[in-house]
Amino acid sequence: MKPFKYILMLTASFGFLLSVSACHDLLEEPAENRIFTEETDYTVSENMIQPLLGAYAEFQSRGWEDHPLIAVRGDDVNHGGLGDQQDFAETDKFNYNRGFWMYNSLWQNIYKDIFATHSAMEQVDLYITNGASAQLGNQYIAEARVLRGWLLLQLSRTWGAVFIPTSSDPADLLTMEPATKDQVMQHISDEMDVAMADLPDLHPNQRSDIRGGVTRYTALAIQALANLELKQYQKVADATSPIIASDKFELEEDFYNLFKIPGKLNNENILEIQYSDFGQGSGDIIAHLFAFYGPQAGRPK
Amino acid sequence: MRADGSSKYQEKWGYFPTVGIGWVLSEEGFMQNNMAINFLKLRASWGRLGNDRIQASDGAATTSVVTTAINDQLVTGTIAQSTFSALQWELTEETNVGITAEFLNSRLSTDIDYFIRDTKNAAIYVSIPSIGQTVLRNVGEIRNAGLEVILTWSDQLTNDLSYSISGNISTLKNEVLYLYGQEYIDGGSAEFRQRSIVGEPLMAFFGYEVEGVYQNDAQVSGDPIAVANSLVPGDFIYKDQNNDGAIDDADRVVLGSYFPSFNYGANLGLNYKNIDFSLNILGQTGNKILNRKRGEMIWTADGNLDADLATNRWHGEGTSNKYPSSAGLRKGWNQKMSDYFVEDGSFFRIQNIQLGYRIKGKELLGNTIPETRIFATAERPLTLFNYNGFNPEVADGIDRQTYPIPAVYTVGLNIKF
C-alpha cells in the first residue's frame, strides 16, 4: 500500500510540473515600452530625417557647464564670483583640479553627442540602402558630419589630444590612442571638405526643412577655425572668402537684438543652437540655463 | 534544488541548489554520559540563491525619442543607442558552519556560526569609455564573511526569581573579489568619491587624508605644496601619500567603509514574582559615515554648520588642527573629499527598557480584577556616538538629511477581559 501511495504522489507531481511548462513562453517576451532598434522599418523613407533630428537634438541640448568651461580660460568669459564652483574660478587661473566634476562632465557630454552623430549617420545609411533618396540621405549624413566636426573642435580646443571616434560604438575607444591636437584639426578640416559637397548652398535661415540647420557655409566656417588652430592662414582665407563672397551674411543692425527674440536665426549667425518657448506662457520649453550669465550686480538699462 | 525563471533578464533561468548537514553529537553513544554538555550539534550548509531585484535589462539596442526646437517648433528625432545592459540572475552562495550547544542543565546555550557569503555575477555598473554612461553586467564578485556568536544564560534561582542574559556579537568583512578585470569602479558623486577596489570593501570612501591645518605664515612658506597652491593659514594640510611633492588625485586612499566590522547586542530579562524587567542594548563599530550635510556647504554659503565645526573652526594660531577657517570653507582646496567629511559612525544604544507589574487574580472590593499589567517602556533612551550629525544610523553610510530619532517613553495599562 505504502509504495503505491508514493508512486501515485510522484506521478501526480510530475504531471503537474509538465502542465506548468506552458508559461515558459511568457518568459521569452521582450520588455514592454521599448523601441528596439532592430524593429525599425527602414523602408519608410519619410522617417529618414528622424535620426538627423536626433543628432540636432543632442547637439542643441548642452549642459549648463559646457560653454562656460570651454570659454572661461579665454577673455570672453569671466569666472564671476566665488559662488559655488570654486574650482571653476581656479580653472580661469590655469589651476586645474583633476577631480573637478565639470571637466569630466564636459568630456562625457561632448563624446555622447559625437556618438549620437555617428549613430545618425549610420541610421541614415540604412535608410538609403532600403530605398530612400541617396541625394537627400547624403545631405543628412553631411549635416551630421559637420555637427560632429564642431563638437570635436570644441573638445580639442579644450583638451588638445583627444580620441577621434570612428563609429557609434564607444567600445572602439578602448583600443585607440589619442590623436594630437594638430591631427584632430586636420581631421576636422578634411571632414568638412567631404561634407561640403553634399550641403545646400543657402544661408541657414533660408533652409525650409530644418531652418537654422547646417549648410555649406557652416562647414566652411568650421574648416576655417580648424585651420586657424593649425596656423595655416592661407587655408583660413580660402575658407572664409566664399562665405563673404556669398553676400548672404551681414551683421545685425542693432547689437541689442543679438540677445533677444528678433535676433533668432538672423543673417549674422552661421551656426545657432536653437531654443524656444514656442510663444507659450507654459508648457513645453527647450531652454538653457542662462541664469548665471551676466554681471552679478547691476541691471540692463 | 530550485529553478527560477525571470523575464527581466537575457539569461532567464537560474538553478539554485542548497545542501545542509547536521550532526547531533549529544545523541551519540560517547556523549551519553557527559553531564556538562546537554546538547551539542555541529552543522554546515552550502546554498545558492538568486536575486532578481535588479532592474530589468533590455538585452538589445533600443531607440529613444528626443525633442528639440527648430524654427520655433517642437520637433522630435530618434537616437539609436548602441549600448545596452544584458543580465542574468545574480547569485549568492553562502557557506555556513556552526555549533549549537547547551551546557549546565541547558542553562547556558551558545550558537557559533562562521559564514562566507559570496555574491557572484553581481550586477555592477560597467563604465562605457568616454560617455560616462554605464550599463549593467554580471561581472562582479563580492564577499561578505564573518563570525556570529550568541550566548544565553537563563536561570531560575527560586520559585519567584528567574532571569536570563544573552549577548551576541558578530563580525563582518566585506571585500570585492573581482570586477571583470577592472581594477576599480567609481561610485558616489565626483565631489564625494566612493570607489570599489578589488581587495577593499564595496563602495569604500576614497579621498585625501588630512594631517592638520596650517597654523601660521611660517608653516605655509616652509611647505612647497602650500606655496605652489597659494595656501594661507587655516587651510588643510593633506598627506602626500606618494611623496612626489604635489597633492593630486594620486594621493587619494581608501578612508573607510560604511560596513560595520563589529556588531554587538545584549538582552537582560528579569522576573521576580509579578515584576518583569527587560533591557535591550545594541551597538556597532567600524563603520564610517559621509557627513554629506557638511558637504552641502561646498555649494551653499548659507547652510547650517554642525556645532563642532562652528566652534572648532580655525580662527587663529593654535585654535584648531582639525577644521579649516571660515574663509577656507569656501575654498576649493579644502573641499576635496577627505576624512574631514568621513566620520566614525560607531554607536552604542540602549534600545529598549521595560518594567512591568502584573496584577493577577486579585480580589478588590469583593470583585475579581481582570488580568492587568501595568508597564513603563523607554525606547531608545540613550544613544552614544561621536558622529557630528543627528543620527548615526544612515542608509548606505551617507548622511544627507537624517533627522534625529526620538526617544519614546510610554506608560501603559494592559487589561484582559
# chains A, B, ... in the order shown; residues from 1 in each chain; ligands from 1
call {"tool": "residues_around", "arguments": {"residues": "stretch 9-25 of chain B", "least_positions_apart": "2", "cutoff": "8 Å", "atoms": "only C-alpha atoms", "output": "MDAnalysis selection string"}}
result
(chainID A and resid 27) or (chainID B and resid 1:7 27:28 31 39:50 56:59 86:89)
call {"tool": "write_last_selection", "arguments": {"atoms": "C-alpha atoms", "output": "PDB file, in the first residue's frame"}}
result
ATOM      1  CA  LEU A  27       9.467  34.444 -20.233  1.00  0.00           C
TER       2      LEU A  27
ATOM      3  CA  MET B   1      17.090  22.246  -5.823  1.00  0.00           C
ATOM      4  CA  ARG B   2      15.250  25.245  -7.068  1.00  0.00           C
ATOM      5  CA  ALA B   3      14.873  26.629 -10.539  1.00  0.00           C
ATOM      6  CA  ASP B   4      13.574  30.149 -11.127  1.00  0.00           C
ATOM      7  CA  GLY B   5      12.849  31.915 -14.377  1.00  0.00           C
ATOM      8  CA  SER B   6      12.538  35.616 -14.897  1.00  0.00           C
ATOM      9  CA  SER B   7      11.526  37.561 -17.965  1.00  0.00           C
ATOM     10  CA  GLU B  27      22.837  11.834  20.853  1.00  0.00           C
ATOM     11  CA  GLU B  28      25.948   9.783  20.107  1.00  0.00           C
ATOM     12  CA  MET B  31      28.408  11.626  24.679  1.00  0.00           C
ATOM     13  CA  PHE B  39      23.126  19.331  23.690  1.00  0.00           C
ATOM     14  CA  LEU B  40      25.734  19.661  21.009  1.00  0.00           C
ATOM     15  CA  LYS B  41      25.141  19.926  17.326  1.00  0.00           C
ATOM     16  CA  LEU B  42      27.547  20.610  14.538  1.00  0.00           C
ATOM     17  CA  ARG B  43      26.073  21.970  11.378  1.00  0.00           C
ATOM     18  CA  ALA B  44      27.262  23.001   7.971  1.00  0.00           C
ATOM     19  CA  SER B  45      25.417  24.152   4.914  1.00  0.00           C
ATOM     20  CA  TRP B  46      26.047  25.429   1.460  1.00  0.00           C
ATOM     21  CA  GLY B  47      23.430  27.070  -0.651  1.00  0.00           C
ATOM     22  CA  ARG B  48      22.928  29.207  -3.635  1.00  0.00           C
ATOM     23  CA  LEU B  49      20.161  31.725  -4.067  1.00  0.00           C
ATOM     24  CA  GLY B  50      19.246  34.032  -6.863  1.00  0.00           C
ATOM     25  CA  ALA B  56      15.381  44.575 -15.958  1.00  0.00           C
ATOM     26  CA  SER B  57      17.849  44.761 -18.775  1.00  0.00           C
ATOM     27  CA  ASP B  58      16.983  45.429 -22.394  1.00  0.00           C
ATOM     28  CA  GLY B  59      19.404  42.971 -23.912  1.00  0.00           C
ATOM     29  CA  ALA B  86      22.414  42.291 -20.648  1.00  0.00           C
ATOM     30  CA  LEU B  87      21.871  40.422 -17.438  1.00  0.00           C
ATOM     31  CA  GLN B  88      21.355  37.075 -15.838  1.00  0.00           C
ATOM     32  CA  TRP B  89      20.458  36.067 -12.308  1.00  0.00           C
TER      33      TRP B  89
END
call {"tool": "residues_around", "arguments": {"residues": "A:Tyr96", "least_positions_apart": "2", "cutoff": "12 Å", "atoms": "only C-alpha atoms", "output": "PyMOL selection string"}}
result
(chain A and resi 69+73+86-94+98-103) or (chain B and resi 229+247-249+332-333)
call {"tool": "write_last_selection", "arguments": {"atoms": "C-alpha atoms", "output": "PDB file, in the first residue's frame"}}
result
ATOM      1  CA  LEU A  69      34.143  75.668 -19.179  1.00  0.00           C
ATOM      2  CA  ARG A  73      40.215  80.473 -19.775  1.00  0.00           C
ATOM      3  CA  GLN A  86      35.486  77.431  -6.686  1.00  0.00           C
ATOM      4  CA  ASP A  87      37.371  75.073  -8.960  1.00  0.00           C
ATOM      5  CA  PHE A  88      35.808  76.803 -11.954  1.00  0.00           C
ATOM      6  CA  ALA A  89      37.377  80.059 -10.768  1.00  0.00           C
ATOM      7  CA  GLU A  90      40.669  78.220 -10.374  1.00  0.00           C
ATOM      8  CA  THR A  91      40.420  76.976 -13.967  1.00  0.00           C
ATOM      9  CA  ASP A  92      40.387  80.614 -15.086  1.00  0.00           C
ATOM     10  CA  LYS A  93      43.817  80.890 -13.479  1.00  0.00           C
ATOM     11  CA  PHE A  94      45.000  77.716 -15.208  1.00  0.00           C
ATOM     12  CA  ARG A  98      41.564  66.839 -11.848  1.00  0.00           C
ATOM     13  CA  GLY A  99      38.744  65.792  -9.575  1.00  0.00           C
ATOM     14  CA  PHE A 100      36.538  68.709 -10.611  1.00  0.00           C
ATOM     15  CA  TRP A 101      33.239  67.449 -11.987  1.00  0.00           C
ATOM     16  CA  MET A 102      32.967  69.972 -14.800  1.00  0.00           C
ATOM     17  CA  TYR A 103      35.940  68.553 -16.688  1.00  0.00           C
TER      18      TYR A 103
ATOM     19  CA  ASN B 229      48.843  76.201  -4.285  1.00  0.00           C
ATOM     20  CA  ILE B 247      48.779  66.895  -3.901  1.00  0.00           C
ATOM     21  CA  ASP B 248      46.844  65.427  -6.783  1.00  0.00           C
ATOM     22  CA  ASP B 249      44.408  62.579  -7.315  1.00  0.00           C
ATOM     23  CA  GLY B 332      38.240  74.607  -3.408  1.00  0.00           C
ATOM     24  CA  TRP B 333      41.408  73.315  -1.742  1.00  0.00           C
TER      25      TRP B 333
END
call {"tool": "interface_residues", "arguments": {"of": "chain B", "to": "chain A", "cutoff": "8 Å", "atoms": "only C-alpha atoms", "output": "PyMOL selection string"}}
result
chain B and resi 5-8+12+58+60-83+128-132+190-191+248-249+298-301+330-332
call {"tool": "atom_distance", "arguments": {"atom1": "atom CA of A:His67", "atom2": "atom CA of A:Ala226"}}
result
18.2 Å
call {"tool": "closest_residue", "arguments": {"among": "B:Ser221, B:Asn414, B:Thr152, B:Ser230", "to": "B:Asp111", "atoms": "only C-alpha atoms"}}
result
B:Thr152
call {"tool": "closest_residue", "arguments": {"among": "B:Phe348, B:Tyr323, B:Tyr272, B:Phe341", "to": "B:Gln284", "atoms": "only C-alpha atoms"}}
result
B:Phe348
call {"tool": "residues_around", "arguments": {"residues": "B:Val411", "least_positions_apart": "6", "cutoff": "9 Å", "atoms": "only C-alpha atoms", "output": "PyMOL selection string"}}
result
chain B and resi 374-378
call {"tool": "write_last_selection", "arguments": {"atoms": "N, CA and C atoms", "output": "PDB file, in the first residue's frame"}}
result
ATOM      1  N   ILE B 374       0.551  46.594  34.327  1.00  0.00           N
ATOM      2  CA  ILE B 374       0.975  47.994  34.192  1.00  0.00           C
ATOM      3  C   ILE B 374       2.425  47.979  33.752  1.00  0.00           C
ATOM      4  N   PHE B 375       2.733  48.782  32.779  1.00  0.00           N
ATOM      5  CA  PHE B 375       4.127  48.757  32.335  1.00  0.00           C
ATOM      6  C   PHE B 375       4.607  50.142  31.963  1.00  0.00           C
ATOM      7  N   ALA B 376       5.892  50.304  32.012  1.00  0.00           N
ATOM      8  CA  ALA B 376       6.525  51.537  31.553  1.00  0.00           C
ATOM      9  C   ALA B 376       7.654  51.133  30.615  1.00  0.00           C
ATOM     10  N   THR B 377       7.702  51.813  29.501  1.00  0.00           N
ATOM     11  CA  THR B 377       8.713  51.466  28.497  1.00  0.00           C
ATOM     12  C   THR B 377       9.505  52.692  28.116  1.00  0.00           C
ATOM     13  N   ALA B 378      10.773  52.510  27.960  1.00  0.00           N
ATOM     14  CA  ALA B 378      11.580  53.569  27.369  1.00  0.00           C
ATOM     15  C   ALA B 378      12.217  52.997  26.102  1.00  0.00           C
TER      16      ALA B 378
END
call {"tool": "residues_around", "arguments": {"residues": "B:Thr319", "least_positions_apart": "5", "cutoff": "10 Å", "atoms": "only C-alpha atoms", "output": "list in words"}}
result
Val213, Gln215, Gly234, Thr311, Asn312, Arg313, Trp314 and Ser325 of chain B
call {"tool": "residues_around", "arguments": {"residues": "stretch 153-156 of chain B", "least_positions_apart": "4", "cutoff": "8 Å", "atoms": "only C-alpha atoms", "output": "CSV table (one decimal) with C-alpha atoms, in the first residue's frame"}}
result
chain,number,residue,atom,x,y,z
B,107,ARG,CA,21.0,27.0,31.4
B,108,LEU,CA,23.9,28.1,29.2
B,109,SER,CA,23.4,27.9,25.5
B,161,LEU,CA,13.0,34.8,40.7
B,162,SER,CA,14.3,34.0,37.3
B,163,TYR,CA,16.5,35.8,34.9
B,164,SER,CA,18.2,35.5,31.5
B,165,ILE,CA,21.0,37.2,30.0
B,166,SER,CA,22.0,36.9,26.4
call {"tool": "select_by_dssp", "arguments": {"residues": "stretch 46-266 of chain A", "states": "alpha helix (DSSP H)", "output": "VMD selection string"}}
result
chain A and resid 49 to 60 66 to 71 86 to 92 101 to 129 134 to 159 181 to 196 216 to 229 233 to 245
call {"tool": "residues_around", "arguments": {"residues": "B:Pro392", "least_positions_apart": "3", "cutoff": "8 Å", "atoms": "only C-alpha atoms", "output": "ChimeraX atom specification"}}
result
/B:289,345-347,385,387,389
call {"tool": "residues_around", "arguments": {"residues": "stretch 167-171 of chain B", "least_positions_apart": "3", "cutoff": "8 Å", "atoms": "only C-alpha atoms", "output": "count of residues only"}}
result
15
call {"tool": "atom_distance", "arguments": {"atom1": "atom CA of B:Asn280", "atom2": "atom CA of B:Thr372"}}
result
23.8 Å
call {"tool": "decode", "arguments": {"residues": "stretch 179-243 of chain B", "atoms": "C-alpha atoms", "output": "PDB file, in the first residue's frame"}}
result
ATOM      1  CA  LEU B 179      35.442  43.331 -11.213  1.00  0.00           C
ATOM      2  CA  TYR B 180      35.774  41.861 -14.679  1.00  0.00           C
ATOM      3  CA  GLY B 181      39.368  42.892 -14.974  1.00  0.00           C
ATOM      4  CA  GLN B 182      38.734  46.460 -13.930  1.00  0.00           C
ATOM      5  CA  GLU B 183      40.910  47.493 -11.024  1.00  0.00           C
ATOM      6  CA  TYR B 184      38.179  49.620  -9.584  1.00  0.00           C
ATOM      7  CA  ILE B 185      34.763  51.028 -10.260  1.00  0.00           C
ATOM      8  CA  ASP B 186      33.903  54.570  -9.271  1.00  0.00           C
ATOM      9  CA  GLY B 187      30.709  55.226  -7.426  1.00  0.00           C
ATOM     10  CA  GLY B 188      29.092  58.014  -5.496  1.00  0.00           C
ATOM     11  CA  SER B 189      29.469  61.504  -6.966  1.00  0.00           C
ATOM     12  CA  ALA B 190      32.526  63.325  -8.263  1.00  0.00           C
ATOM     13  CA  GLU B 191      32.819  65.532  -5.177  1.00  0.00           C
ATOM     14  CA  PHE B 192      32.381  62.623  -2.742  1.00  0.00           C
ATOM     15  CA  ARG B 193      34.084  59.799  -4.465  1.00  0.00           C
ATOM     16  CA  GLN B 194      33.383  56.222  -3.455  1.00  0.00           C
ATOM     17  CA  ARG B 195      35.386  53.559  -5.117  1.00  0.00           C
ATOM     18  CA  SER B 196      35.021  49.773  -5.253  1.00  0.00           C
ATOM     19  CA  ILE B 197      38.553  48.455  -5.483  1.00  0.00           C
ATOM     20  CA  VAL B 198      39.451  44.769  -5.706  1.00  0.00           C
ATOM     21  CA  GLY B 199      40.540  43.775  -2.213  1.00  0.00           C
ATOM     22  CA  GLU B 200      38.740  46.602  -0.454  1.00  0.00           C
ATOM     23  CA  PRO B 201      35.149  46.918   0.760  1.00  0.00           C
ATOM     24  CA  LEU B 202      32.438  47.726  -1.726  1.00  0.00           C
ATOM     25  CA  MET B 203      31.925  51.440  -2.343  1.00  0.00           C
ATOM     26  CA  ALA B 204      34.609  52.473   0.097  1.00  0.00           C
ATOM     27  CA  PHE B 205      35.040  56.192   0.696  1.00  0.00           C
ATOM     28  CA  PHE B 206      38.001  57.392  -1.323  1.00  0.00           C
ATOM     29  CA  GLY B 207      39.807  60.646  -0.686  1.00  0.00           C
ATOM     30  CA  TYR B 208      42.647  62.510   0.958  1.00  0.00           C
ATOM     31  CA  GLU B 209      43.951  62.180   4.486  1.00  0.00           C
ATOM     32  CA  VAL B 210      44.036  65.405   6.458  1.00  0.00           C
ATOM     33  CA  GLU B 211      47.158  65.735   8.589  1.00  0.00           C
ATOM     34  CA  GLY B 212      46.300  69.055  10.139  1.00  0.00           C
ATOM     35  CA  VAL B 213      45.792  72.721   9.434  1.00  0.00           C
ATOM     36  CA  TYR B 214      48.393  75.318   8.511  1.00  0.00           C
ATOM     37  CA  GLN B 215      48.725  77.470  11.620  1.00  0.00           C
ATOM     38  CA  ASN B 216      50.916  80.388  10.609  1.00  0.00           C
ATOM     39  CA  ASP B 217      52.679  82.005   7.685  1.00  0.00           C
ATOM     40  CA  ALA B 218      55.998  80.405   8.530  1.00  0.00           C
ATOM     41  CA  GLN B 219      54.470  76.982   8.220  1.00  0.00           C
ATOM     42  CA  VAL B 220      52.923  77.911   4.882  1.00  0.00           C
ATOM     43  CA  SER B 221      56.087  79.320   3.371  1.00  0.00           C
ATOM     44  CA  GLY B 222      58.081  76.356   4.618  1.00  0.00           C
ATOM     45  CA  ASP B 223      55.946  73.854   2.724  1.00  0.00           C
ATOM     46  CA  PRO B 224      56.452  73.801  -1.052  1.00  0.00           C
ATOM     47  CA  ILE B 225      52.980  72.309  -1.597  1.00  0.00           C
ATOM     48  CA  ALA B 226      51.380  75.241   0.231  1.00  0.00           C
ATOM     49  CA  VAL B 227      53.402  77.739  -1.763  1.00  0.00           C
ATOM     50  CA  ALA B 228      52.555  76.059  -5.064  1.00  0.00           C
ATOM     51  CA  ASN B 229      48.843  76.201  -4.285  1.00  0.00           C
ATOM     52  CA  SER B 230      48.803  79.701  -2.765  1.00  0.00           C
ATOM     53  CA  LEU B 231      47.519  78.459   0.587  1.00  0.00           C
ATOM     54  CA  VAL B 232      47.109  80.541   3.724  1.00  0.00           C
ATOM     55  CA  PRO B 233      46.922  79.648   7.417  1.00  0.00           C
ATOM     56  CA  GLY B 234      43.593  77.941   8.059  1.00  0.00           C
ATOM     57  CA  ASP B 235      43.831  75.596   5.074  1.00  0.00           C
ATOM     58  CA  PHE B 236      44.176  71.864   5.301  1.00  0.00           C
ATOM     59  CA  ILE B 237      47.461  70.025   5.211  1.00  0.00           C
ATOM     60  CA  TYR B 238      46.838  66.903   3.142  1.00  0.00           C
ATOM     61  CA  LYS B 239      49.071  63.882   3.340  1.00  0.00           C
ATOM     62  CA  ASP B 240      51.305  63.478   0.317  1.00  0.00           C
ATOM     63  CA  GLN B 241      50.914  59.707   0.062  1.00  0.00           C
ATOM     64  CA  ASN B 242      53.396  59.124  -2.711  1.00  0.00           C
ATOM     65  CA  ASN B 243      55.838  61.837  -1.606  1.00  0.00           C
TER      66      ASN B 243
END
